There are 2 protein chains.
Amino acid sequence: MAVRADAQRNRDRILAAARDLVAEAGVDATMEDIARQAGVAVGTLYRHFPAKEDLLAAVVDDSTDQLAELTEAALAEVERGAAVGPVVTGLFRTVASRYADDRALKAAAGRLGPGADLGAHLDAELAVAGPESVVRRAMEALTTLLERSVTAGELRADVTLDDVVMMLDGVPGREVPAAMRERYVDIVIAGLTART
Amino acid sequence: MAVRADAQRNRDRILAAARDLVAEAGVDATMEDIARQAGVAVGTLYRHFPAKEDLLAAVVDDSTDQLAELTEAALAEVERGAAVGPVVTGLFRTVASRYADDRALKAAAGRLGPGADLGAHLDAELAVAGPESVVRRAMEALTTLLERSVTAGELRADVTLDDVVMMLDGVPGREVPAAMRERYVDIVIAGLTART
DNA sequence: GTTGAAGGTGAACGTACCTTCATCTTAGCC
DNA sequence: GGCTAAGATGAAGGTACGTTCACCTTCAAC
């Protein structure tokens, strides 16, 4: 018996609750609120995660995974013959729109950012040492996608991964109406597109 | 005797200290730290400002004023015959670079944003009801400047005040190297520039 | 120089967190 | 069913804030 069934169930509930609340409130989500939403006592959170930081790390890891999947899906589309331009634009739009509903995702994107030199990034506390693997996965897919875009002449030749991550980081959150957020994306894409 | 001399002196010291610390730490600057740096006791802060929020408001008002001055100066240059494009670009660069050193300035720019409907903006707590006058000043100067730019064909015809404020809001802070920040501005300006 | 009020002080209070731990509960093997 | 270790509980501890207030200090008018 490695882990008891109820323990696993509680762990899942806690993560789900944390995802929910962190999406809304970011690092300000409290342990007590998460515990309440998960239907357990605070002590239980600490049995599964030594400190709040570790729980946040797990949530952000999760979001990083989502990010990797979205990017890999986009890459697969291109591999299947889709035009690079629209795919990249679509990916950008999708990620940006999810930002509004998930602050953890934004933090996740930040992790891809300007290298390890930016350990403390975006709301500082969310900087996580977490599994590099998932970060690397997202980074690699995005890098490949960018190379294709540049080759296809869909983006300025000098666009880097850092550029894209930085611009994504600037996407406004919930406080800005969706229409404005789309406008942000439009302007950024225009800025990243090769002038002819 | 309206205000005692020492009272005025302390008020100034408090504001100066608050400017310093808020520039660095934003809303997280503590009252005690501000008091220490100002060389007074906490109680004195509360004599001059009923609550922390009021002190923050005063600081942000100050920054809004700076913003207005920068914009008005730019407008004056144009009025004096300078080319609109470079002036606007320069203003954008200046403001963006100051963001890195002053979080209150960023908050101030946020106030010009998507109307009153966004009362709670940027770090929420910094939303201030403050003197509308100074906000209006900055808004009017920037609006005029944008109109000139569009007329001169230097910016896309559909660029609005909200657009510019939103893009300014996306400028990365201290955590991002200056070179990257400049790159952000480049990309945004490219995105806002009329395609011919 | 006296005096009254404006101004200043900082310990103490209230609150909201994260975290711990002695104690109780329960899953799952025999 | 009994047993025991894994798991859960939640009150209590610790910390870091913002804010208050009873008490002192100092300016400046006379």
# chains A, B, ... in the order shown; residues from 1 in each chain; ligands from 1
$ closest_atom_pairs --of "chain C" --to "chain B" --cutoff "12 Å" --atoms "only C-alpha atoms (C1' of nucleotides)" --output "JSON lines"
{"residue": "C:DA5", "atom": "C1'", "partner": "B:Arg4", "partner_atom": "CA", "distance": 11.2}
{"residue": "C:DA6", "atom": "C1'", "partner": "B:Arg4", "partner_atom": "CA", "distance": 7.5}
{"residue": "C:DG7", "atom": "C1'", "partner": "B:Ala7", "partner_atom": "CA", "distance": 6.8}
{"residue": "C:DG8", "atom": "C1'", "partner": "B:Thr44", "partner_atom": "CA", "distance": 6.2}
{"residue": "C:DT9", "atom": "C1'", "partner": "B:Ala41", "partner_atom": "CA", "distance": 6.2}
{"residue": "C:DG10", "atom": "C1'", "partner": "B:Ala41", "partner_atom": "CA", "distance": 7.0}
{"residue": "C:DA11", "atom": "C1'", "partner": "B:Gly43", "partner_atom": "CA", "distance": 11.3}
$ write_last_selection --atoms "N, CA and C atoms (P, O5', C5', C4', C3', O3' and C1' of nucleotides)" --output "short mmCIF file (atom, residue, chain, number, x, y, z; two decimals), in the first residue's frame"
data_model
loop_
_atom_site.label_atom_id
_atom_site.label_comp_id
_atom_site.auth_asym_id
_atom_site.auth_seq_id
_atom_site.Cartn_x
_atom_site.Cartn_y
_atom_site.Cartn_z
P DA C 5 -7.14 75.79 23.82
"O5'" DA C 5 -6.89 75.44 22.30
"C5'" DA C 5 -6.32 76.44 21.44
"C4'" DA C 5 -5.29 75.79 20.54
"C3'" DA C 5 -5.74 74.45 19.93
"O3'" DA C 5 -5.37 74.45 18.58
"C1'" DA C 5 -3.66 74.19 20.96
P DA C 6 -6.09 73.51 17.50
"O5'" DA C 6 -4.87 73.14 16.55
"C5'" DA C 6 -3.92 74.13 16.22
"C4'" DA C 6 -2.58 73.49 15.99
"C3'" DA C 6 -2.64 72.23 15.13
"O3'" DA C 6 -1.62 72.32 14.15
"C1'" DA C 6 -1.53 71.77 17.17
P DG C 7 -1.40 71.10 13.14
"O5'" DG C 7 -0.30 70.27 13.94
"C5'" DG C 7 0.92 70.90 14.28
"C4'" DG C 7 1.82 69.90 14.92
"C3'" DG C 7 1.89 68.54 14.20
"O3'" DG C 7 3.26 68.25 13.97
"C1'" DG C 7 1.51 68.22 16.49
P DG C 8 3.68 66.86 13.34
"O5'" DG C 8 4.10 66.06 14.65
"C5'" DG C 8 5.22 66.52 15.40
"C4'" DG C 8 5.59 65.49 16.44
"C3'" DG C 8 5.82 64.07 15.89
"O3'" DG C 8 7.06 63.58 16.39
"C1'" DG C 8 4.19 64.03 17.62
P DT C 9 7.56 62.14 15.96
"O5'" DT C 9 7.08 61.27 17.19
"C5'" DT C 9 7.44 61.69 18.50
"C4'" DT C 9 6.97 60.67 19.51
"C3'" DT C 9 7.20 59.21 19.08
"O3'" DT C 9 8.04 58.58 20.02
"C1'" DT C 9 4.98 59.55 19.90
P DG C 10 9.07 57.44 19.51
"O5'" DG C 10 8.31 56.14 20.01
"C5'" DG C 10 7.85 56.09 21.36
"C4'" DG C 10 6.81 54.99 21.50
"C3'" DG C 10 7.11 53.71 20.70
"O3'" DG C 10 6.62 52.60 21.45
"C1'" DG C 10 5.04 54.51 20.06
P DA C 11 7.63 51.49 21.94
"O5'" DA C 11 6.74 50.78 23.05
"C5'" DA C 11 6.27 51.53 24.17
"C4'" DA C 11 4.81 51.23 24.43
"C3'" DA C 11 4.45 49.75 24.45
"O3'" DA C 11 3.50 49.54 25.50
"C1'" DA C 11 3.16 50.84 22.80
#
$ residues_around --residues "region 100-103 of chain A" --least-positions-apart "5" --cutoff "9 Å" --atoms "only C-alpha atoms (C1' of nucleotides)" --output "list in words"
Arg19, Asp20, Val22, Ala23, Glu24, Ala25, Gly26, Val27, Ser63, Ala108, Val171, Pro172, Gly173, Arg174, Glu175, Val176, Ala178 and Arg181 of chain A
$ write_last_selection --atoms "C-alpha atoms" --output "CSV table (one decimal), in the first residue's frame"
chain,number,residue,atom,x,y,z
A,19,ARG,CA,-6.4,25.7,-9.1
A,20,ASP,CA,-9.8,27.4,-8.8
A,22,VAL,CA,-5.4,30.7,-7.5
A,23,ALA,CA,-6.9,31.3,-10.9
A,24,GLU,CA,-9.0,34.0,-9.3
A,25,ALA,CA,-6.9,35.5,-6.6
A,26,GLY,CA,-3.3,34.4,-7.5
A,27,VAL,CA,-0.9,34.2,-4.6
A,63,SER,CA,-0.7,25.5,-15.9
A,108,ALA,CA,3.4,29.7,-15.9
A,171,VAL,CA,-1.6,40.8,-21.6
A,172,PRO,CA,-4.2,42.5,-19.4
A,173,GLY,CA,-6.1,40.5,-16.9
A,174,ARG,CA,-9.8,40.3,-15.9
A,175,GLU,CA,-10.0,44.0,-15.0
A,176,VAL,CA,-9.9,44.8,-18.7
A,178,ALA,CA,-12.4,41.1,-23.3
A,181,ARG,CA,-7.7,42.3,-24.5
$ interface_residues --of "chain D" --to "chain A" --cutoff "9 Å" --atoms "only C-alpha atoms (C1' of nucleotides)" --output "PyMOL selection string"
chain D and resi 6-10
$ interface_residues --of "chain B" --to "chain A" --cutoff "6 Å" --atoms "only C-alpha atoms" --output "ChimeraX atom specification"
/B:170,187-188,190-191
$ residues_around --residues "Glu147 (chain A)" --least-positions-apart "5" --cutoff "9 Å" --atoms "only C-alpha atoms (C1' of nucleotides)" --output "mmCIF file with N, CA and C atoms, in the first residue's frame"
data_model
loop_
_atom_site.group_PDB
_atom_site.id
_atom_site.type_symbol
_atom_site.label_atom_id
_atom_site.label_comp_id
_atom_site.auth_asym_id
_atom_site.auth_seq_id
_atom_site.Cartn_x
_atom_site.Cartn_y
_atom_site.Cartn_z
ATOM 1 N N LEU A 142 7.419 25.936 -28.279
ATOM 2 C CA LEU A 142 7.245 27.330 -28.694
ATOM 3 C C LEU A 142 8.415 27.798 -29.562
ATOM 4 N N ALA A 152 8.839 31.038 -42.479
ATOM 5 C CA ALA A 152 7.719 31.250 -43.387
ATOM 6 C C ALA A 152 7.484 32.735 -43.660
ATOM 7 N N ALA A 157 12.104 38.619 -38.542
ATOM 8 C CA ALA A 157 13.187 37.638 -38.448
ATOM 9 C C ALA A 157 13.866 37.653 -37.081
ATOM 10 N N VAL A 159 12.480 37.950 -34.071
ATOM 11 C CA VAL A 159 11.624 37.625 -32.926
ATOM 12 C C VAL A 159 12.175 36.420 -32.163
ATOM 13 N N THR A 160 12.278 36.587 -30.862
ATOM 14 C CA THR A 160 12.801 35.501 -30.029
ATOM 15 C C THR A 160 11.730 34.963 -29.086
#
$ closest_residue --among "D:DT26, D:DT15, D:DT4, D:DT20" --to "DT3 (chain C)" --atoms "only C-alpha atoms (C1' of nucleotides)"
D:DT26
